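Engineer: Before we start, here is the structure in question, set down as C-alpha cells.
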Amino acid sequence: MFHQLSLLIGSTCCLLSPWTVNAAQPVRAFPAAEGFGAYAQGGRGGRVLFVTNLDDSGPGSLRAAIEAEGRRIVVFRTSGIIELKSGLSVRKPYITIAGQTAPGDGICLKNFGFSVVTHDVIVRHLRFRTGDEPGPAYKAKGRDFAPDAVSIGSPSRNVIFDHCSASWSIDECLSVSGEGITNVTVQWCMITESLNDSFHPKGPHGYGSLLRCNGDVTFHHNIYAHHRSRSPRPGTYGNGSILLDFRNNVIYDSSGYSAADPVRMNYIGNFIRRPRGAVFRVGGPTTQLYASGNHLDGGSEGNQDNWRLMAGATAANKAEKPFPVAEVKTHDAQDAFERILQACGATLPKRDAVDTRIVQQIRSGTGGLIDSQTEIGGWPDYDSAASPPDSDNDGMSDRWEEQHELKAGIPDHNDDIDRDGYTNVEEYLNRTDPRLAD
C-alpha cells in the first residue's frame, strides 16, 4: 500500500534479522560509526518512509515520518528549509533519518528545536539552524523562547548524530542532558554560532553543549565555534557520574568548564584556537580529568604539558591514565584539525554557505559572537532537484540497484546479500557495496 507518507512494507523473503546474523559481532549503525553510540540500530529492517515536502506536518512531512510507528528509515525526496511551527521530537525508537538522500542542496530545520527522547536513533547529514524569528511573538505573550537547536534528553540511549550542523540556538546548540541517558555519540558535527544575547530569559546565553547525564557519551571530530562557553560543559544531576570521551574536536572562539557535579572525562587530541579565556576550567574536586595530546594554537607551554591548559585544576582532579571508553580512531591534534575542517558538518549532498563561512573564519582567525542570524545574512537558499528514479519505492535508486545487480522492480531493501548485517538500503545510504561485506 502506498500513500503520501510512503509507508512501504519491504520484502519479507529474508526472515533472518540482518542485524543479528552473527550474534558475536554486533553491527555498527554504519561502518564509520564510533564511540558509545556506535551500535545504535536505527530503523534497520523496517519500512522506508519518504519525505516528499517541506511542510511542518501532514502526509509526506518529516514530522509524519518521525511520529510513525515501528522501525523506519527516512529518505528525502526534496530539499530546502522546513519551517517548524513547534519543536520536533523523536519519541518512538528505531529510526534512521538519512539527510544525505536529499536531492539538491539538502535539508535545514528552522524556528524550533529538534530533540530525541528514545533509543536506537541514527541522524545523519541534517542541518538544525533554529534562529530567533519566533522570539518576538513569544515575548509579546509573556512566554519564554529559549530552544536548543538539538537536544538529546531522558531516557535516550543508543543514539548517534553524524555529520550534522547545529547553529543559531537561543540556548545550547547541541546538548545531552537528563537522567538515564547513555550510549550516545556525536561525531563529525558542526556546533556553531549560538545566539549570544537573544531571547533567553537569563540574558546572554549562547552556549555550545550542556552534557549532563550519568551515562556514557562520546564527542569526537566536531567543531565548536563562536560560543560564550560550554564547549563543552559536562556534569550530572546528582546521581552517578557522566563518562565523557571528548577527543579530536576543534574549539574556536569558545571554551569549556565543569562545575561541582561529578565528571569523568577524557580530553584528548583536541585543537584549540583563540579560546575565550581558559581552554577548560575545572569547577571542583568531583571532576576527574585525563588530558593528553591537545594543541593550543600558539600555546607552547600548555602543549608540552596539557595540565597547564586546565584552569583551576589540582592534583585531585588529575587522572593518571585515560578512562576506558568505546573505540574511536584518534589522530594527532594538528592532523585532526585539517581532517575536521575538510569533512565536518552536513556535507552531503553538499556543504552549505553557513558552514563554509565558519570554516573560513576558523582558518583566518576571524568572526565572533552574534546575537541574531540576521547579522550574517540568515538562512541561505537551498535548491531542490528531482530525486533519482526508484520504481519499486524501496529507497534505493534504480540506477544504483542495477549497478549492483539488485532487482530494481522488487522492493528488496531489507535483504542482505553479503550477510554483513547491513540491509541493502543501508548499503545504499552508506555508499557501500551490497555484495561485499563491510
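Each chain of the C-alpha cells is named A, B, ... in the order shown, its residues numbered from 1; ligands are numbered from 1 in display order.
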Quick one: everything within 8 Å of Gly269 (chain A), counting only C-alpha atoms, minus sequence neighbours fewer than 5 positions away in the same chain. Send it as an MDAnalysis selection string.
Structural biologist: chainID A and resid 247:249 292:295 330:333 336
Engineer: Can I get the selection written as a JSON list (two decimals), in the first residue's frame, with N, CA and C atoms?
Structural biologist:
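Wrote result.json, looks like this:
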```json
[["chain", "number", "residue", "atom", "x", "y", "z"],
["A", 247, "ARG", "N", 37.30, 13.93, 22.29],
["A", 247, "ARG", "CA", 38.59, 13.82, 21.62],
["A", 247, "ARG", "C", 38.50, 14.26, 20.15],
["A", 248, "ASN", "N", 39.63, 14.80, 19.68],
["A", 248, "ASN", "CA", 39.74, 15.23, 18.28],
["A", 248, "ASN", "C", 38.63, 16.17, 17.87],
["A", 249, "ASN", "N", 38.38, 17.18, 18.71],
["A", 249, "ASN", "CA", 37.46, 18.25, 18.36],
["A", 249, "ASN", "C", 38.24, 19.54, 18.11],
["A", 292, "SER", "N", 45.50, 14.82, 27.33],
["A", 292, "SER", "CA", 46.70, 14.40, 26.61],
["A", 292, "SER", "C", 46.55, 14.73, 25.13],
["A", 293, "GLY", "N", 47.65, 15.13, 24.50],
["A", 293, "GLY", "CA", 47.69, 15.30, 23.06],
["A", 293, "GLY", "C", 46.92, 16.48, 22.52],
["A", 294, "ASN", "N", 46.49, 17.40, 23.39],
["A", 294, "ASN", "CA", 45.76, 18.59, 22.93],
["A", 294, "ASN", "C", 46.73, 19.66, 22.44],
["A", 295, "HIS", "N", 46.25, 20.49, 21.52],
["A", 295, "HIS", "CA", 47.12, 21.51, 20.94],
["A", 295, "HIS", "C", 46.42, 22.86, 20.98],
["A", 330, "THR", "N", 41.83, 7.79, 16.70],
["A", 330, "THR", "CA", 42.28, 9.10, 17.19],
["A", 330, "THR", "C", 43.48, 9.57, 16.37],
["A", 331, "HIS", "N", 43.44, 10.84, 15.99],
["A", 331, "HIS", "CA", 44.51, 11.45, 15.20],
["A", 331, "HIS", "C", 45.30, 12.43, 16.06],
["A", 332, "ASP", "N", 46.51, 12.71, 15.64],
["A", 332, "ASP", "CA", 47.25, 13.83, 16.19],
["A", 332, "ASP", "C", 46.40, 15.10, 16.06],
["A", 333, "ALA", "N", 46.43, 15.97, 17.05],
["A", 333, "ALA", "CA", 45.53, 17.11, 17.08],
["A", 333, "ALA", "C", 45.66, 17.99, 15.84],
["A", 336, "ALA", "N", 44.17, 16.15, 12.96],
["A", 336, "ALA", "CA", 42.72, 16.16, 13.11],
["A", 336, "ALA", "C", 42.12, 17.49, 12.69]]
```
Engineer: Report as a PDB file with C-alpha atoms, in the first residue's frame all protein, DNA and RNA residues lying within 10 Å of region 28-41 of chain A, evaluated on only C-alpha atoms, omitting residues in the same chain fewer than 5 positions from it.
Structural biologist:
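Final output, saved to around07.pdb:
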```pdb
ATOM      1  CA  TRP A  19      21.373  -7.094  12.499  1.00  0.00           C
ATOM      2  CA  ARG A  71      11.251   0.561  12.610  1.00  0.00           C
ATOM      3  CA  PRO A  93      12.505   4.245  18.787  1.00  0.00           C
ATOM      4  CA  TYR A  94      14.263   2.541  15.889  1.00  0.00           C
ATOM      5  CA  ILE A  95      14.592   5.295  13.318  1.00  0.00           C
ATOM      6  CA  THR A  96      17.252   6.289  10.777  1.00  0.00           C
ATOM      7  CA  HIS A 119      16.515   4.772  21.860  1.00  0.00           C
ATOM      8  CA  ASP A 120      18.194   3.465  18.721  1.00  0.00           C
ATOM      9  CA  VAL A 121      18.250   6.639  16.690  1.00  0.00           C
ATOM     10  CA  ILE A 122      20.574   7.466  13.777  1.00  0.00           C
ATOM     11  CA  ARG A 157      20.207   5.526  24.742  1.00  0.00           C
ATOM     12  CA  ASN A 158      21.925   4.151  21.641  1.00  0.00           C
ATOM     13  CA  VAL A 159      21.837   7.428  19.731  1.00  0.00           C
ATOM     14  CA  ILE A 160      24.278   8.722  17.116  1.00  0.00           C
ATOM     15  CA  PHE A 161      24.413  12.047  15.286  1.00  0.00           C
ATOM     16  CA  ASP A 162      26.837  12.035  12.369  1.00  0.00           C
ATOM     17  CA  THR A 182      23.727   6.608  27.887  1.00  0.00           C
ATOM     18  CA  ASN A 183      25.489   5.271  24.791  1.00  0.00           C
ATOM     19  CA  VAL A 184      25.448   8.496  22.793  1.00  0.00           C
ATOM     20  CA  THR A 185      27.837   9.596  20.040  1.00  0.00           C
ATOM     21  CA  VAL A 186      28.066  12.984  18.351  1.00  0.00           C
ATOM     22  CA  GLN A 187      30.676  12.808  15.597  1.00  0.00           C
ATOM     23  CA  GLY A 215      25.869   7.656  31.291  1.00  0.00           C
ATOM     24  CA  ASP A 216      28.490   7.192  28.591  1.00  0.00           C
ATOM     25  CA  VAL A 217      28.905   9.869  25.898  1.00  0.00           C
ATOM     26  CA  THR A 218      31.374  10.332  23.023  1.00  0.00           C
ATOM     27  CA  PHE A 219      32.039  13.609  21.206  1.00  0.00           C
ATOM     28  CA  HIS A 220      34.690  13.306  18.511  1.00  0.00           C
ATOM     29  CA  LEU A 244      32.620  11.794  28.591  1.00  0.00           C
ATOM     30  CA  ASP A 245      35.136  10.899  25.908  1.00  0.00           C
ATOM     31  CA  VAL A 325      35.899   4.072  26.571  1.00  0.00           C
ATOM     32  CA  ALA A 326      34.414   2.825  23.314  1.00  0.00           C
ATOM     33  CA  GLU A 327      36.783   2.781  20.357  1.00  0.00           C
ATOM     34  CA  VAL A 328      37.450   5.958  18.352  1.00  0.00           C
ATOM     35  CA  LYS A 329      40.218   6.240  15.781  1.00  0.00           C
ATOM     36  CA  GLY A 421      24.362  -7.249   8.870  1.00  0.00           C
ATOM     37  CA  TYR A 422      23.644  -4.187   6.719  1.00  0.00           C
ATOM     38  CA  GLU A 426      21.645   0.697   4.400  1.00  0.00           C
ATOM     39  CA  GLU A 427      24.357  -0.173   1.896  1.00  0.00           C
ATOM     40  CA  LEU A 429      22.737   5.057   2.356  1.00  0.00           C
ATOM     41  CA  ASN A 430      26.306   4.203   3.390  1.00  0.00           C
ATOM     42  CA  THR A 432      28.966   0.693   0.240  1.00  0.00           C
ATOM     43  CA  ASP A 438      31.784  -4.343   5.263  1.00  0.00           C
TER      44      ASP A 438
END
```
Engineer: Quick one: pull the distance between CA of Arg264 (chain A) and CA of Gly312 (chain A), Å, one decimal.
Structural biologist: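 Interatomic distance here is 16.0 Å.
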Engineer: In region 131-339 of chain A, what's strand (DSSP E) per DSSP? Answer as an mmCIF file with N, CA and C atoms, in the first residue's frame?
Structural biologist:
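Wrote out.cif, looks like this:
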```cif
data_model
loop_
_atom_site.group_PDB
_atom_site.id
_atom_site.type_symbol
_atom_site.label_atom_id
_atom_site.label_comp_id
_atom_site.auth_asym_id
_atom_site.auth_seq_id
_atom_site.Cartn_x
_atom_site.Cartn_y
_atom_site.Cartn_z
ATOM 1 N N VAL A 150 19.516 21.347 19.012
ATOM 2 C CA VAL A 150 19.370 19.895 19.133
ATOM 3 C C VAL A 150 19.526 19.527 20.600
ATOM 4 N N SER A 151 18.649 18.688 21.102
ATOM 5 C CA SER A 151 18.802 18.185 22.468
ATOM 6 C C SER A 151 18.503 16.686 22.492
ATOM 7 N N ILE A 152 19.334 15.972 23.225
ATOM 8 C CA ILE A 152 19.134 14.541 23.482
ATOM 9 C C ILE A 152 18.794 14.426 24.952
ATOM 10 N N ARG A 157 19.046 6.404 24.760
ATOM 11 C CA ARG A 157 20.207 5.526 24.742
ATOM 12 C C ARG A 157 20.392 5.031 23.311
ATOM 13 N N ASN A 158 21.609 4.651 22.986
ATOM 14 C CA ASN A 158 21.925 4.151 21.641
ATOM 15 C C ASN A 158 21.490 5.170 20.586
ATOM 16 N N VAL A 159 22.146 6.315 20.633
ATOM 17 C CA VAL A 159 21.837 7.428 19.731
ATOM 18 C C VAL A 159 23.136 7.901 19.101
ATOM 19 N N ILE A 160 23.107 8.163 17.788
ATOM 20 C CA ILE A 160 24.278 8.722 17.116
ATOM 21 C C ILE A 160 23.849 9.811 16.146
ATOM 22 N N PHE A 161 24.521 10.962 16.251
ATOM 23 C CA PHE A 161 24.413 12.047 15.286
ATOM 24 C C PHE A 161 25.732 12.100 14.530
ATOM 25 N N ASP A 162 25.641 12.081 13.205
ATOM 26 C CA ASP A 162 26.837 12.035 12.369
ATOM 27 C C ASP A 162 26.715 13.058 11.252
ATOM 28 N N SER A 165 24.817 19.668 11.335
ATOM 29 C CA SER A 165 25.201 21.046 11.613
ATOM 30 C C SER A 165 24.132 21.691 12.479
ATOM 31 N N ALA A 166 24.548 22.190 13.657
ATOM 32 C CA ALA A 166 23.617 22.807 14.600
ATOM 33 C C ALA A 166 24.085 24.225 14.903
ATOM 34 N N SER A 167 23.188 25.190 14.760
ATOM 35 C CA SER A 167 23.581 26.583 14.984
ATOM 36 C C SER A 167 22.370 27.444 15.303
ATOM 37 N N LEU A 174 23.807 22.076 20.917
ATOM 38 C CA LEU A 174 23.604 20.626 20.902
ATOM 39 C C LEU A 174 23.914 20.085 22.288
ATOM 40 N N SER A 175 22.880 19.619 22.983
ATOM 41 C CA SER A 175 23.041 19.176 24.360
ATOM 42 C C SER A 175 22.614 17.721 24.542
ATOM 43 N N VAL A 176 23.226 17.094 25.554
ATOM 44 C CA VAL A 176 22.848 15.756 26.008
ATOM 45 C C VAL A 176 22.593 15.904 27.497
ATOM 46 N N SER A 177 21.326 15.951 27.898
ATOM 47 C CA SER A 177 21.044 16.372 29.260
ATOM 48 C C SER A 177 19.811 15.671 29.817
ATOM 49 N N THR A 182 22.440 7.272 28.049
ATOM 50 C CA THR A 182 23.727 6.608 27.887
ATOM 51 C C THR A 182 23.894 6.118 26.451
ATOM 52 N N ASN A 183 25.125 5.779 26.120
ATOM 53 C CA ASN A 183 25.489 5.271 24.791
ATOM 54 C C ASN A 183 25.082 6.247 23.688
ATOM 55 N N VAL A 184 25.706 7.421 23.758
ATOM 56 C CA VAL A 184 25.448 8.496 22.793
ATOM 57 C C VAL A 184 26.752 8.883 22.122
ATOM 58 N N THR A 185 26.713 9.056 20.798
ATOM 59 C CA THR A 185 27.837 9.596 20.040
ATOM 60 C C THR A 185 27.379 10.803 19.234
ATOM 61 N N VAL A 186 28.192 11.858 19.278
ATOM 62 C CA VAL A 186 28.066 12.984 18.351
ATOM 63 C C VAL A 186 29.410 13.092 17.649
ATOM 64 N N GLN A 187 29.418 12.863 16.329
ATOM 65 C CA GLN A 187 30.676 12.808 15.597
ATOM 66 C C GLN A 187 30.587 13.591 14.292
ATOM 67 N N MET A 190 29.139 20.055 13.171
ATOM 68 C CA MET A 190 29.470 21.463 13.390
ATOM 69 C C MET A 190 28.469 22.040 14.387
ATOM 70 N N ILE A 191 28.989 22.519 15.519
ATOM 71 C CA ILE A 191 28.187 23.038 16.624
ATOM 72 C C ILE A 191 28.607 24.494 16.784
ATOM 73 N N THR A 192 27.877 25.406 16.163
ATOM 74 C CA THR A 192 28.425 26.739 15.931
ATOM 75 C C THR A 192 27.389 27.853 16.092
ATOM 76 N N LEU A 210 25.638 21.525 26.725
ATOM 77 C CA LEU A 210 25.456 21.088 28.106
ATOM 78 C C LEU A 210 25.355 19.570 28.083
ATOM 79 N N LEU A 211 26.298 18.901 28.732
ATOM 80 C CA LEU A 211 26.358 17.438 28.710
ATOM 81 C C LEU A 211 26.217 16.945 30.139
ATOM 82 N N ARG A 212 24.974 16.841 30.608
ATOM 83 C CA ARG A 212 24.720 16.461 31.997
ATOM 84 C C ARG A 212 23.869 15.193 32.019
ATOM 85 N N ASP A 216 27.277 7.189 29.404
ATOM 86 C CA ASP A 216 28.490 7.192 28.591
ATOM 87 C C ASP A 216 28.244 7.963 27.299
ATOM 88 N N VAL A 217 29.106 8.957 27.022
ATOM 89 C CA VAL A 217 28.905 9.869 25.898
ATOM 90 C C VAL A 217 30.229 10.086 25.184
ATOM 91 N N THR A 218 30.198 10.053 23.852
ATOM 92 C CA THR A 218 31.374 10.332 23.023
ATOM 93 C C THR A 218 31.117 11.540 22.139
ATOM 94 N N PHE A 219 32.023 12.505 22.159
ATOM 95 C CA PHE A 219 32.039 13.609 21.206
ATOM 96 C C PHE A 219 33.404 13.585 20.525
ATOM 97 N N HIS A 220 33.403 13.335 19.208
ATOM 98 C CA HIS A 220 34.690 13.306 18.511
ATOM 99 C C HIS A 220 34.582 13.892 17.111
ATOM 100 N N ILE A 223 33.308 20.385 15.423
ATOM 101 C CA ILE A 223 33.738 21.778 15.501
ATOM 102 C C ILE A 223 32.827 22.521 16.471
ATOM 103 N N TYR A 224 33.448 23.219 17.420
ATOM 104 C CA TYR A 224 32.756 24.225 18.237
ATOM 105 C C TYR A 224 33.299 25.585 17.835
ATOM 106 N N ALA A 225 32.411 26.516 17.497
ATOM 107 C CA ALA A 225 32.878 27.853 17.114
ATOM 108 C C ALA A 225 31.859 28.905 17.518
ATOM 109 N N ARG A 233 30.296 21.689 28.502
ATOM 110 C CA ARG A 233 30.062 21.799 29.947
ATOM 111 C C ARG A 233 29.518 20.444 30.416
ATOM 112 N N PRO A 234 30.409 19.519 30.868
ATOM 113 C CA PRO A 234 29.963 18.203 31.325
ATOM 114 C C PRO A 234 29.549 18.213 32.797
ATOM 115 N N GLY A 235 28.705 17.246 33.164
ATOM 116 C CA GLY A 235 28.309 17.088 34.553
ATOM 117 C C GLY A 235 27.174 16.093 34.684
ATOM 118 N N ILE A 242 28.838 11.306 34.763
ATOM 119 C CA ILE A 242 28.992 11.161 33.321
ATOM 120 C C ILE A 242 30.387 10.629 33.020
ATOM 121 N N LEU A 243 30.490 9.787 32.012
ATOM 122 C CA LEU A 243 31.771 9.411 31.432
ATOM 123 C C LEU A 243 31.795 10.007 30.028
ATOM 124 N N LEU A 244 32.566 11.064 29.854
ATOM 125 C CA LEU A 244 32.620 11.794 28.591
ATOM 126 C C LEU A 244 33.975 11.571 27.930
ATOM 127 N N ASP A 245 33.935 11.023 26.728
ATOM 128 C CA ASP A 245 35.136 10.899 25.908
ATOM 129 C C ASP A 245 35.093 12.012 24.875
ATOM 130 N N PHE A 246 35.923 13.026 25.072
ATOM 131 C CA PHE A 246 35.914 14.237 24.256
ATOM 132 C C PHE A 246 37.265 14.318 23.568
ATOM 133 N N ARG A 247 37.298 13.930 22.286
ATOM 134 C CA ARG A 247 38.590 13.817 21.616
ATOM 135 C C ARG A 247 38.499 14.257 20.154
ATOM 136 N N VAL A 250 37.667 20.422 17.328
ATOM 137 C CA VAL A 250 38.222 21.757 17.114
ATOM 138 C C VAL A 250 37.380 22.743 17.914
ATOM 139 N N ILE A 251 38.024 23.486 18.798
ATOM 140 C CA ILE A 251 37.337 24.504 19.594
ATOM 141 C C ILE A 251 37.889 25.856 19.187
ATOM 142 N N TYR A 252 37.024 26.703 18.656
ATOM 143 C CA TYR A 252 37.428 28.018 18.156
ATOM 144 C C TYR A 252 36.514 29.086 18.750
ATOM 145 N N GLY A 256 35.486 25.604 27.542
ATOM 146 C CA GLY A 256 34.634 24.689 28.289
ATOM 147 C C GLY A 256 34.903 24.767 29.780
ATOM 148 N N TYR A 257 34.028 24.112 30.556
ATOM 149 C CA TYR A 257 34.241 24.078 32.004
ATOM 150 C C TYR A 257 33.386 22.980 32.627
ATOM 151 N N VAL A 263 32.191 14.396 37.328
ATOM 152 C CA VAL A 263 32.573 14.263 35.917
ATOM 153 C C VAL A 263 33.776 13.323 35.820
ATOM 154 N N ARG A 264 33.701 12.384 34.888
ATOM 155 C CA ARG A 264 34.880 11.631 34.449
ATOM 156 C C ARG A 264 35.048 11.949 32.972
ATOM 157 N N MET A 265 36.212 12.430 32.588
ATOM 158 C CA MET A 265 36.351 12.972 31.234
ATOM 159 C C MET A 265 37.737 12.713 30.668
ATOM 160 N N ASN A 266 37.764 12.180 29.449
ATOM 161 C CA ASN A 266 38.972 12.185 28.635
ATOM 162 C C ASN A 266 38.940 13.420 27.740
ATOM 163 N N TYR A 267 39.996 14.221 27.791
ATOM 164 C CA TYR A 267 40.115 15.404 26.944
ATOM 165 C C TYR A 267 41.387 15.202 26.134
ATOM 166 N N ILE A 268 41.214 14.620 24.931
ATOM 167 C CA ILE A 268 42.349 14.055 24.199
ATOM 168 C C ILE A 268 42.379 14.556 22.753
ATOM 169 N N PHE A 271 42.074 20.363 19.197
ATOM 170 C CA PHE A 271 42.792 21.520 18.663
ATOM 171 C C PHE A 271 42.029 22.775 19.063
ATOM 172 N N ILE A 272 42.705 23.685 19.766
ATOM 173 C CA ILE A 272 42.051 24.879 20.275
ATOM 174 C C ILE A 272 42.686 26.110 19.643
ATOM 175 N N ARG A 273 41.870 26.960 19.094
ATOM 176 C CA ARG A 273 42.358 28.217 18.516
ATOM 177 C C ARG A 273 41.515 29.374 19.065
ATOM 178 N N PHE A 280 39.850 25.068 29.298
ATOM 179 C CA PHE A 280 38.864 24.324 30.080
ATOM 180 C C PHE A 280 39.095 24.657 31.547
ATOM 181 N N ARG A 281 38.004 25.015 32.249
ATOM 182 C CA ARG A 281 38.103 25.391 33.662
ATOM 183 C C ARG A 281 37.453 24.313 34.518
ATOM 184 N N THR A 287 35.507 16.617 39.640
ATOM 185 C CA THR A 287 35.924 16.417 38.243
ATOM 186 C C THR A 287 37.192 15.570 38.199
ATOM 187 N N GLN A 288 37.109 14.454 37.494
ATOM 188 C CA GLN A 288 38.276 13.620 37.231
ATOM 189 C C GLN A 288 38.583 13.729 35.742
ATOM 190 N N LEU A 289 39.775 14.200 35.423
ATOM 191 C CA LEU A 289 40.086 14.605 34.050
ATOM 192 C C LEU A 289 41.422 14.020 33.604
ATOM 193 N N TYR A 290 41.388 13.392 32.421
ATOM 194 C CA TYR A 290 42.631 12.960 31.781
ATOM 195 C C TYR A 290 42.826 13.808 30.535
ATOM 196 N N ALA A 291 43.962 14.505 30.444
ATOM 197 C CA ALA A 291 44.247 15.393 29.315
ATOM 198 C C ALA A 291 45.555 14.977 28.652
ATOM 199 N N SER A 292 45.499 14.817 27.328
ATOM 200 C CA SER A 292 46.696 14.401 26.610
ATOM 201 C C SER A 292 46.550 14.727 25.128
ATOM 202 N N HIS A 295 46.253 20.487 21.520
ATOM 203 C CA HIS A 295 47.121 21.513 20.943
ATOM 204 C C HIS A 295 46.420 22.859 20.977
ATOM 205 N N LEU A 296 46.986 23.796 21.750
ATOM 206 C CA LEU A 296 46.527 25.177 21.757
ATOM 207 C C LEU A 296 47.365 25.961 20.763
ATOM 208 N N MET A 310 44.338 23.305 31.798
ATOM 209 C CA MET A 310 43.164 23.043 32.625
ATOM 210 C C MET A 310 43.151 24.011 33.815
ATOM 211 N N ALA A 311 42.469 25.125 33.679
ATOM 212 C CA ALA A 311 42.468 26.150 34.715
ATOM 213 C C ALA A 311 41.755 25.662 35.968
#
```
Engineer: Region 352-359 of chain A: which residues within 8 Å, counting only C-alpha atoms, same-chain residues fewer than 2 positions away excluded, as a PDB file with C-alpha atoms, in the first residue's frame?
Structural biologist:
```
ATOM      1  CA  ASP A 105      21.269  21.195  -1.538  1.00  0.00           C
ATOM      2  CA  SER A 165      25.201  21.046  11.613  1.00  0.00           C
ATOM      3  CA  MET A 190      29.470  21.463  13.390  1.00  0.00           C
ATOM      4  CA  ALA A 225      32.878  27.853  17.114  1.00  0.00           C
ATOM      5  CA  LEU A 341      37.719  21.343   8.689  1.00  0.00           C
ATOM      6  CA  GLY A 345      29.127  19.054   9.311  1.00  0.00           C
ATOM      7  CA  ALA A 346      26.320  18.248   6.895  1.00  0.00           C
ATOM      8  CA  THR A 347      28.454  17.740   3.803  1.00  0.00           C
ATOM      9  CA  LYS A 350      26.780  19.466  -0.172  1.00  0.00           C
ATOM     10  CA  GLN A 361      36.744  32.039   9.798  1.00  0.00           C
ATOM     11  CA  ILE A 362      38.477  29.292  11.769  1.00  0.00           C
ATOM     12  CA  ARG A 363      41.291  29.227   9.245  1.00  0.00           C
ATOM     13  CA  GLY A 367      34.434  36.197  13.188  1.00  0.00           C
ATOM     14  CA  TRP A 379      19.413  31.213   6.101  1.00  0.00           C
ATOM     15  CA  PRO A 380      20.855  30.582   2.641  1.00  0.00           C
TER      16      PRO A 380
END
```
Engineer: Quick check for you: according to DSSP on this backbone, which residues of region 284-399 of chain A are classed as alpha helix (DSSP H)? Reply as a short mmCIF file (atom, residue, chain, number, x, y, z; two decimals) with C-alpha atoms, in the first residue's frame.
Structural biologist:
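Okay, this is what ended up in states22.cif:
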```
data_model
loop_
_atom_site.label_atom_id
_atom_site.label_comp_id
_atom_site.auth_asym_id
_atom_site.auth_seq_id
_atom_site.Cartn_x
_atom_site.Cartn_y
_atom_site.Cartn_z
CA SER A 300 53.83 26.22 23.65
CA GLU A 301 53.89 25.54 27.41
CA GLY A 302 50.38 24.08 27.50
CA ASN A 303 51.16 21.89 24.52
CA GLN A 304 54.16 20.40 26.29
CA ALA A 333 45.53 17.11 17.08
CA GLN A 334 47.03 19.11 14.21
CA ASP A 335 46.26 16.34 11.73
CA ALA A 336 42.72 16.16 13.11
CA PHE A 337 42.33 19.92 12.60
CA GLU A 338 42.68 19.60 8.83
CA ARG A 339 40.57 16.46 8.60
CA ILE A 340 37.76 18.05 10.58
CA LEU A 341 37.72 21.34 8.69
CA GLN A 342 37.55 19.48 5.40
CA ALA A 343 34.83 16.96 6.27
CA ALA A 353 27.25 28.64 2.83
CA VAL A 354 26.97 28.89 6.64
CA ASP A 355 29.38 26.04 7.35
CA THR A 356 31.70 27.18 4.55
CA ARG A 357 31.92 30.67 6.09
CA ILE A 358 32.64 29.35 9.58
CA VAL A 359 35.39 27.03 8.35
CA GLN A 360 36.96 30.01 6.58
CA GLN A 361 36.74 32.04 9.80
CA ILE A 362 38.48 29.29 11.77
CA ARG A 363 41.29 29.23 9.24
CA SER A 364 41.68 33.01 9.13
CA ASP A 398 17.05 2.17 -9.87
CA ARG A 399 20.46 3.06 -11.25
#
```
Engineer: Work out how far CA of His226 (chain A) is from CA of Gly368 (chain A), in Å to one decimal.
Structural biologist: 5.5 Å
Engineer: Mind checking which residues fall within 8 Å of Gly178 (chain A), counting only C-alpha atoms, ignoring those fewer than 5 positions away in the same chain, and posting them as a PyMOL selection string?
Structural biologist: chain A and resi 153-155+212-213+236-237
Engineer: Print the selection's residues with C-alpha atoms to a file, as a short mmCIF file (atom, residue, chain, number, x, y, z; two decimals), in the first residue's frame.
Structural biologist:
```cif
data_model
loop_
_atom_site.label_atom_id
_atom_site.label_comp_id
_atom_site.auth_asym_id
_atom_site.auth_seq_id
_atom_site.Cartn_x
_atom_site.Cartn_y
_atom_site.Cartn_z
CA GLY A 153 17.07 14.03 26.62
CA SER A 154 15.87 11.37 29.05
CA PRO A 155 15.76 8.42 28.68
CA ARG A 212 24.72 16.46 32.00
CA CYS A 213 23.82 12.81 32.42
CA THR A 236 25.38 15.23 36.08
CA TYR A 237 22.20 15.99 38.00
#
```
Engineer: What gap, in Å, lies between CA of Lys407 (chain A) and CA of Asn424 (chain A)?
Structural biologist: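 So the answer is 10.8 Å.
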Engineer: For a quick check of understanding, using only C-alpha atoms, which of A:Arg351, A:Arg228, A:Lys321, A:His413 has the smallest distance to His125 (chain A)?
Structural biologist: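 Of the candidates, the smallest distance to His125 (chain A) is held by A:Arg351.
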Engineer: Gly284 (chain A): which residues within 10 Å, counting only C-alpha atoms, same-chain residues fewer than 5 positions away excluded, as an mmCIF file with N, CA and C atoms, in the first residue's frame?
Structural biologist:
```
data_model
loop_
_atom_site.group_PDB
_atom_site.id
_atom_site.type_symbol
_atom_site.label_atom_id
_atom_site.label_comp_id
_atom_site.auth_asym_id
_atom_site.auth_seq_id
_atom_site.Cartn_x
_atom_site.Cartn_y
_atom_site.Cartn_z
ATOM 1 N N SER A 258 33.758 22.601 33.836
ATOM 2 C CA SER A 258 32.924 21.740 34.662
ATOM 3 C C SER A 258 32.561 22.509 35.921
ATOM 4 N N ALA A 259 31.564 22.002 36.678
ATOM 5 C CA ALA A 259 31.140 22.651 37.912
ATOM 6 C C ALA A 259 31.321 21.684 39.073
ATOM 7 N N ALA A 260 30.429 21.721 40.062
ATOM 8 C CA ALA A 260 30.608 20.909 41.260
ATOM 9 C C ALA A 260 30.086 19.489 41.111
ATOM 10 N N ASP A 261 29.338 19.201 40.049
ATOM 11 C CA ASP A 261 28.772 17.865 39.890
ATOM 12 C C ASP A 261 29.814 16.901 39.315
ATOM 13 N N PRO A 262 29.673 15.592 39.579
ATOM 14 C CA PRO A 262 30.713 14.624 39.216
ATOM 15 C C PRO A 262 30.919 14.490 37.705
ATOM 16 N N VAL A 263 32.191 14.396 37.328
ATOM 17 C CA VAL A 263 32.573 14.263 35.917
ATOM 18 C C VAL A 263 33.776 13.323 35.820
ATOM 19 N N GLY A 312 42.300 25.992 37.115
ATOM 20 C CA GLY A 312 41.684 25.617 38.381
ATOM 21 C C GLY A 312 41.892 24.172 38.771
ATOM 22 N N ALA A 313 42.636 23.424 37.990
ATOM 23 C CA ALA A 313 42.829 22.008 38.279
ATOM 24 C C ALA A 313 43.877 21.812 39.362
ATOM 25 N N THR A 314 43.651 20.814 40.184
ATOM 26 C CA THR A 314 44.611 20.429 41.208
ATOM 27 C C THR A 314 44.984 18.966 41.013
ATOM 28 N N ALA A 316 44.120 16.598 42.723
ATOM 29 C CA ALA A 316 42.949 15.754 42.989
ATOM 30 C C ALA A 316 42.095 15.535 41.752
ATOM 31 N N ASN A 317 42.194 16.430 40.772
ATOM 32 C CA ASN A 317 41.406 16.312 39.543
ATOM 33 C C ASN A 317 42.080 15.454 38.478
#
```
